[in-house]
file entry39.tsv (TSV, C-alpha atoms)
chain	number	residue	atom	x	y	z
X	18	MET	CA	-50.68	-0.94	16.53
X	19	ILE	CA	-50.88	0.24	12.92
X	20	LEU	CA	-54.26	0.39	11.18
X	21	ILE	CA	-54.18	0.19	7.37
X	22	THR	CA	-57.28	0.77	5.24
X	23	GLY	CA	-57.60	-0.57	1.71
X	24	ALA	CA	-55.29	-3.37	2.81
X	25	SER	CA	-56.74	-6.12	0.62
X	26	SER	CA	-54.63	-5.09	-2.40
X	27	GLY	CA	-52.21	-2.57	-3.88
X	28	LEU	CA	-50.36	-0.09	-1.70
X	29	GLY	CA	-52.25	-1.08	1.45
X	30	ALA	CA	-51.29	-4.73	1.13
X	31	ALA	CA	-47.67	-3.81	0.29
X	32	LEU	CA	-47.40	-1.61	3.39
X	33	ALA	CA	-48.92	-4.35	5.53
X	34	SER	CA	-46.21	-6.74	4.30
X	35	LEU	CA	-43.41	-4.32	5.17
X	36	TYR	CA	-44.70	-3.62	8.67
X	37	ALA	CA	-45.46	-7.28	9.38
X	38	LYS	CA	-41.84	-8.14	8.63
X	39	GLU	CA	-40.83	-5.58	11.26
X	40	ASN	CA	-43.06	-7.37	13.77
X	41	GLU	CA	-45.59	-4.56	14.10
X	42	ALA	CA	-49.07	-5.33	15.41
X	43	LEU	CA	-51.46	-4.66	12.52
X	44	THR	CA	-55.16	-4.22	11.94
X	45	LEU	CA	-56.06	-4.47	8.26
X	46	THR	CA	-59.39	-3.29	6.92
X	47	GLY	CA	-61.12	-3.26	3.55
X	48	ARG	CA	-64.45	-3.95	1.87
X	49	HIS	CA	-63.54	-7.40	0.48
X	50	ALA	CA	-63.52	-9.89	3.35
X	51	GLU	CA	-62.01	-12.86	1.50
X	52	ARG	CA	-59.17	-10.89	-0.10
X	53	LEU	CA	-58.46	-9.13	3.19
X	54	GLN	CA	-58.22	-12.39	5.11
X	55	THR	CA	-55.95	-13.85	2.42
X	56	VAL	CA	-53.54	-10.93	2.88
X	57	ALA	CA	-53.61	-11.30	6.69
X	58	ASN	CA	-53.04	-15.07	6.53
X	59	ALA	CA	-50.06	-14.63	4.21
X	60	LEU	CA	-48.42	-12.20	6.64
X	61	THR	CA	-48.94	-14.19	9.84
X	62	PRO	CA	-45.77	-16.35	9.44
X	63	PHE	CA	-43.61	-13.19	9.33
X	64	SER	CA	-44.76	-11.72	12.63
X	65	ASN	CA	-45.11	-12.64	16.28
X	66	LYS	CA	-47.62	-9.83	16.75
X	67	THR	CA	-51.35	-9.86	16.08
X	68	ILE	CA	-52.48	-9.30	12.50
X	69	ALA	CA	-56.22	-8.71	12.56
X	70	ALA	CA	-58.48	-8.41	9.51
X	71	ILE	CA	-61.73	-6.48	9.94
X	72	THR	CA	-64.09	-5.91	7.02
X	73	ALA	CA	-65.54	-2.40	7.03
X	74	ASP	CA	-67.30	0.09	4.78
X	75	LEU	CA	-65.61	3.39	5.59
X	76	ALA	CA	-68.47	5.37	4.02
X	77	SER	CA	-70.86	3.91	6.61
X	78	GLU	CA	-70.99	5.57	10.04
X	79	SER	CA	-72.17	2.39	11.77
X	80	SER	CA	-69.51	0.26	10.08
X	81	LEU	CA	-66.79	2.71	11.14
X	82	GLU	CA	-68.02	2.76	14.72
X	83	ALA	CA	-68.02	-1.05	14.81
X	84	LEU	CA	-64.46	-1.10	13.41
X	85	PHE	CA	-63.08	1.17	16.13
X	86	ASP	CA	-65.18	-0.37	18.89
X	87	GLY	CA	-63.60	-3.70	17.94
X	88	LEU	CA	-60.00	-2.52	18.35
X	89	THR	CA	-58.21	-3.79	21.44
X	90	GLN	CA	-55.93	-0.74	21.59
X	91	ALA	CA	-55.66	2.72	20.10
X	92	PRO	CA	-53.65	2.83	16.87
X	93	LYS	CA	-50.37	4.72	16.92
X	94	THR	CA	-50.54	5.12	13.12
X	95	VAL	CA	-53.44	4.98	10.67
X	96	ILE	CA	-52.60	4.72	6.96
X	97	HIS	CA	-55.65	5.37	4.81
X	98	CYS	CA	-55.11	3.77	1.39
X	99	ALA	CA	-58.71	2.93	0.53
X	100	GLY	CA	-60.26	4.54	-2.52
X	101	SER	CA	-61.26	3.93	-6.12
X	102	GLY	CA	-60.86	5.46	-9.57
X	103	TYR	CA	-63.26	6.31	-12.36
X	104	PHE	CA	-62.19	8.01	-15.59
X	105	GLY	CA	-63.48	9.14	-18.97
X	106	ALA	CA	-64.72	12.25	-20.75
X	107	ILE	CA	-67.24	14.00	-18.52
X	108	GLU	CA	-70.16	13.47	-20.92
X	109	THR	CA	-69.62	9.69	-20.79
X	110	GLN	CA	-69.67	9.39	-16.99
X	111	GLY	CA	-72.74	7.87	-15.36
X	112	ALA	CA	-74.35	9.47	-12.32
X	113	SER	CA	-74.21	6.26	-10.25
X	114	ASP	CA	-70.50	5.83	-11.01
X	115	ILE	CA	-69.83	9.44	-10.01
X	116	HIS	CA	-71.71	8.95	-6.73
X	117	SER	CA	-69.73	5.77	-6.05
X	118	LEU	CA	-66.43	7.54	-6.77
X	119	LEU	CA	-67.25	10.38	-4.37
X	120	ASN	CA	-68.44	7.92	-1.73
X	121	ASN	CA	-65.32	5.75	-1.93
X	122	ASN	CA	-62.88	8.66	-1.89
X	123	VAL	CA	-64.43	11.71	-0.24
X	124	THR	CA	-67.15	10.49	2.13
X	125	SER	CA	-65.03	7.59	3.40
X	126	THR	CA	-62.07	9.87	4.17
X	127	ILE	CA	-64.20	12.50	5.91
X	128	LEU	CA	-66.00	9.95	8.08
X	129	LEU	CA	-62.79	8.08	8.91
X	130	VAL	CA	-60.92	11.22	9.97
X	131	ARG	CA	-63.95	12.48	11.88
X	132	GLU	CA	-64.09	9.21	13.84
X	133	LEU	CA	-60.35	9.33	14.54
X	134	VAL	CA	-60.53	12.92	15.78
X	135	LYS	CA	-63.55	12.17	17.98
X	136	ARG	CA	-61.76	9.25	19.63
X	137	TYR	CA	-58.06	10.14	19.62
X	138	LYS	CA	-57.74	13.92	19.26
X	139	ASP	CA	-55.79	14.18	22.51
X	140	GLN	CA	-53.49	11.24	21.77
X	141	THR	CA	-50.27	10.97	19.78
X	142	VAL	CA	-51.74	9.37	16.68
X	143	THR	CA	-50.35	9.83	13.16
X	144	VAL	CA	-52.99	9.76	10.42
X	145	VAL	CA	-51.62	9.23	6.90
X	146	VAL	CA	-54.05	9.96	4.06
X	147	VAL	CA	-52.98	8.62	0.68
X	148	MET	CA	-54.44	10.63	-2.18
X	149	SER	CA	-52.89	11.02	-5.66
X	150	THR	CA	-50.97	13.54	-7.74
X	151	ALA	CA	-54.45	14.10	-9.23
X	152	ALA	CA	-55.02	16.24	-6.11
X	153	LEU	CA	-52.25	18.58	-7.29
X	154	ALA	CA	-52.97	19.13	-11.00
X	155	ALA	CA	-55.91	18.98	-13.38
X	156	LYS	CA	-56.00	16.05	-15.82
X	157	ALA	CA	-58.17	15.64	-18.91
X	158	GLY	CA	-60.29	12.52	-18.73
X	159	GLU	CA	-59.99	12.46	-14.93
X	160	SER	CA	-62.31	15.33	-14.05
X	161	THR	CA	-64.38	13.73	-11.31
X	162	TYR	CA	-61.38	11.81	-9.95
X	163	CYS	CA	-59.44	15.08	-9.67
X	164	ALA	CA	-62.48	16.72	-8.08
X	165	ALA	CA	-62.62	13.96	-5.45
X	166	LYS	CA	-58.92	14.15	-4.66
X	167	TRP	CA	-58.91	17.96	-4.56
X	168	ALA	CA	-61.82	17.76	-2.12
X	169	VAL	CA	-59.89	15.38	0.13
X	170	ARG	CA	-56.83	17.63	-0.01
X	171	GLY	CA	-58.90	20.66	1.03
X	172	PHE	CA	-60.48	18.67	3.83
X	173	ILE	CA	-57.16	17.41	5.20
X	174	GLU	CA	-55.54	20.84	5.10
X	175	SER	CA	-58.55	22.34	6.90
X	176	VAL	CA	-58.65	19.69	9.63
X	177	ARG	CA	-54.93	20.26	10.18
X	178	LEU	CA	-55.76	23.81	11.23
X	179	GLU	CA	-58.36	22.48	13.67
X	180	LEU	CA	-55.73	20.13	15.16
X	181	LYS	CA	-53.02	22.77	15.48
X	182	GLN	CA	-52.83	22.35	19.26
X	183	SER	CA	-53.44	18.60	19.19
X	184	PRO	CA	-50.79	15.84	19.37
X	185	MET	CA	-52.60	14.12	16.47
X	186	LYS	CA	-50.78	14.64	13.16
X	187	LEU	CA	-52.19	14.48	9.62
X	188	ILE	CA	-49.83	13.53	6.79
X	189	ALA	CA	-50.89	13.95	3.15
X	190	VAL	CA	-49.41	11.60	0.54
X	191	TYR	CA	-49.57	12.21	-3.21
X	192	PRO	CA	-48.35	9.17	-5.17
X	193	GLY	CA	-48.02	9.16	-8.95
X	194	GLY	CA	-48.95	6.19	-11.13
X	195	MET	CA	-48.62	2.74	-9.57
X	196	ASP	CA	-48.97	-0.53	-11.43
X	197	THR	CA	-51.76	-2.09	-9.37
X	198	GLY	CA	-55.25	-3.52	-9.82
X	199	PHE	CA	-56.56	0.04	-9.50
X	200	TRP	CA	-56.32	0.68	-13.25
X	201	PRO	CA	-58.28	-2.28	-14.69
X	202	SER	CA	-61.19	-1.48	-12.35
X	203	SER	CA	-61.11	2.23	-13.23
X	204	GLY	CA	-62.17	1.74	-16.83
X	205	LYS	CA	-59.08	3.52	-18.16
X	206	ALA	CA	-56.91	1.47	-20.53
X	207	LEU	CA	-53.23	2.39	-20.48
X	208	ASP	CA	-49.77	0.84	-20.41
X	209	THR	CA	-48.62	0.74	-16.76
X	210	SER	CA	-45.33	-1.09	-17.40
X	211	SER	CA	-43.31	2.04	-16.56
X	212	PHE	CA	-45.30	2.79	-13.39
X	213	MET	CA	-44.03	2.17	-9.86
X	214	SER	CA	-44.93	-1.13	-8.28
X	215	ALA	CA	-46.92	-1.03	-5.04
X	216	ASP	CA	-43.86	-2.46	-3.27
X	217	GLU	CA	-41.66	0.39	-4.51
X	218	ALA	CA	-44.14	3.06	-3.44
X	219	ALA	CA	-44.67	1.36	-0.06
X	220	GLY	CA	-40.93	1.31	0.62
X	221	MET	CA	-40.54	5.00	-0.16
X	222	LEU	CA	-43.59	5.97	1.87
X	223	LYS	CA	-42.58	3.91	4.90
X	224	GLN	CA	-39.14	5.53	4.87
X	225	ALA	CA	-40.63	9.04	4.63
X	226	LEU	CA	-42.92	8.41	7.60
X	227	VAL	CA	-40.02	8.09	10.03
X	228	ALA	CA	-40.25	11.07	12.40
X	229	THR	CA	-37.90	12.59	14.95
X	230	GLU	CA	-38.70	13.91	18.41
X	231	HIS	CA	-39.35	17.41	17.11
X	232	GLY	CA	-40.22	16.98	13.44
X	233	TYR	CA	-42.06	15.01	10.79
X	234	ILE	CA	-42.71	15.25	7.05
X	235	ALA	CA	-46.25	16.56	6.61
X	236	ASP	CA	-46.64	16.29	2.81
X	237	ILE	CA	-45.16	13.54	0.68
X	238	THR	CA	-45.19	13.41	-3.12
X	239	ILE	CA	-44.00	10.15	-4.67
X	240	GLN	CA	-43.36	10.67	-8.37
X	241	ARG	CA	-42.80	7.89	-10.85
X	242	ALA	CA	-39.63	8.14	-12.91

call {"tool": "encode", "arguments": {"input": "entry39.tsv", "output": "structure tokens"}}
result
Amino acid sequence: MILITGASSGLGAALASLYAKENEALTLTGRHAERLQTVANALTPFSNKTIAAITADLASESSLEALFDGLTQAPKTVIHCAGSGYFGAIETQGASDIHSLLNNNVTSTILLVRELVKRYKDQTVTVVVVMSTAALAAKAGESTYCAAKWAVRGFIESVRLELKQSPMKLIAVYPGGMDTGFWPSSGKALDTSSFMSADEAAGMLKQALVATEHGYIADITIQRA
């Protein structure tokens, strides 16, 4: 079973579509119940396997525990796409928006990975954490967003060291600009016509996640042309 977070839109929904068409059992999760169920219903005709939709707040310990307690089997792959953006010159950013950004990107990732390690550390589970190229380079007007993504990158690389002797694998993904609903909700106005579509990015990521018996790609950067 493959568990995909942030599956109600964007890259998460695009990945869900690709895996459903390969008849993979899926559990989709996100904060927006109606949108999540719409995605799951649309994919059901393409698959003979179960496609479950479970609403969850990944920044809530109790919500995360309920999510994993509700699974009927351990996931073989977890693809963490959930997150949010917030941009602007630092002096214009509101404290509540900054807290929300950190909650949606940093706290949610830390609690999700913590829960996965607690439950599946000794199992062959692949955990894919989708970040952004903002985790690799500083960007004016994206200070707190970069800070959040750099924090997640540092966290993932540190937990990797803790899991060195574990069969669980952590894969870091750094996608460039995608033309999704992420931008309108971020407050940053820009022309995204030259950006990758979510479907394009999903196809490249899915291909890169194919592993062999003795190897896998640990870090994936998906640049837009």

call {"tool": "residues_around", "arguments": {"input": "entry39.tsv", "residues": "stretch 182-192 of chain X", "least_positions_apart": "4", "cutoff": "8 Å", "atoms": "only C-alpha atoms", "output": "list in words"}}
result
Tyr137, Lys138, Asp139, Gln140, Thr141, Val142, Thr143, Val144, Val145, Val146, Val147, Met148, Ser149, Thr150, Ala151, Ala152, Arg170, Ile173, Arg177, Ala218, Ile234, Ala235, Asp236, Ile237, Thr238, Ile239 and Gln240 of chain X

call {"tool": "residues_around", "arguments": {"input": "entry39.tsv", "residues": "X:Ala164", "least_positions_apart": "6", "cutoff": "12 Å", "atoms": "all atoms listed in the file", "output": "PyMOL selection string"}}
result
chain X and resi 102-104+107+115+118-119+122-123+148-158+170-171

call {"tool": "residues_around", "arguments": {"input": "entry39.tsv", "residues": "X:Ala33", "least_positions_apart": "2", "cutoff": "12 Å", "atoms": "only C-alpha atoms", "output": "PyMOL selection string"}}
result
chain X and resi 18-31+35-46+53+56-61+63-64+68-70+95-98+215-216+219-220+223

call {"tool": "closest_residue", "arguments": {"input": "entry39.tsv", "among": "X:Leu129, X:Ala106, X:His49, X:Asn121", "to": "X:Ser79", "atoms": "all atoms listed in the file"}}
result
X:Leu129

call {"tool": "atom_distance", "arguments": {"input": "entry39.tsv", "atom1": "atom CA of X:Glu82", "atom2": "atom CA of X:Glu132"}}
result
7.6 Å

call {"tool": "closest_residue", "arguments": {"input": "entry39.tsv", "among": "X:Val130, X:Leu32, X:Ala91, X:Ala225", "to": "X:Glu78", "atoms": "all atoms listed in the file"}}
result
X:Val130

call {"tool": "atom_distance", "arguments": {"input": "entry39.tsv", "atom1": "atom CA of X:Arg52", "atom2": "atom CA of X:Ala99"}}
result
13.8 Å

call {"tool": "closest_residue", "arguments": {"input": "entry39.tsv", "among": "X:Ala165, X:Leu81, X:Ala73, X:Val134", "to": "X:His116", "atoms": "only C-alpha atoms"}}
result
X:Ala165

call {"tool": "atom_distance", "arguments": {"input": "entry39.tsv", "atom1": "atom CA of X:Ser113", "atom2": "atom CA of X:Phe212"}}
result
29.3 Å

call {"tool": "axis_aligned_box", "arguments": {"input": "entry39.tsv", "around": "stretch 213-231 of chain X", "padding_each_side": "5 Å", "output": "lines of an AutoDock Vina configuration file"}}
result
center_x = -42.4
center_y = 7.5
center_z = 4.3
size_x = 19.0
size_y = 29.9
size_z = 38.3
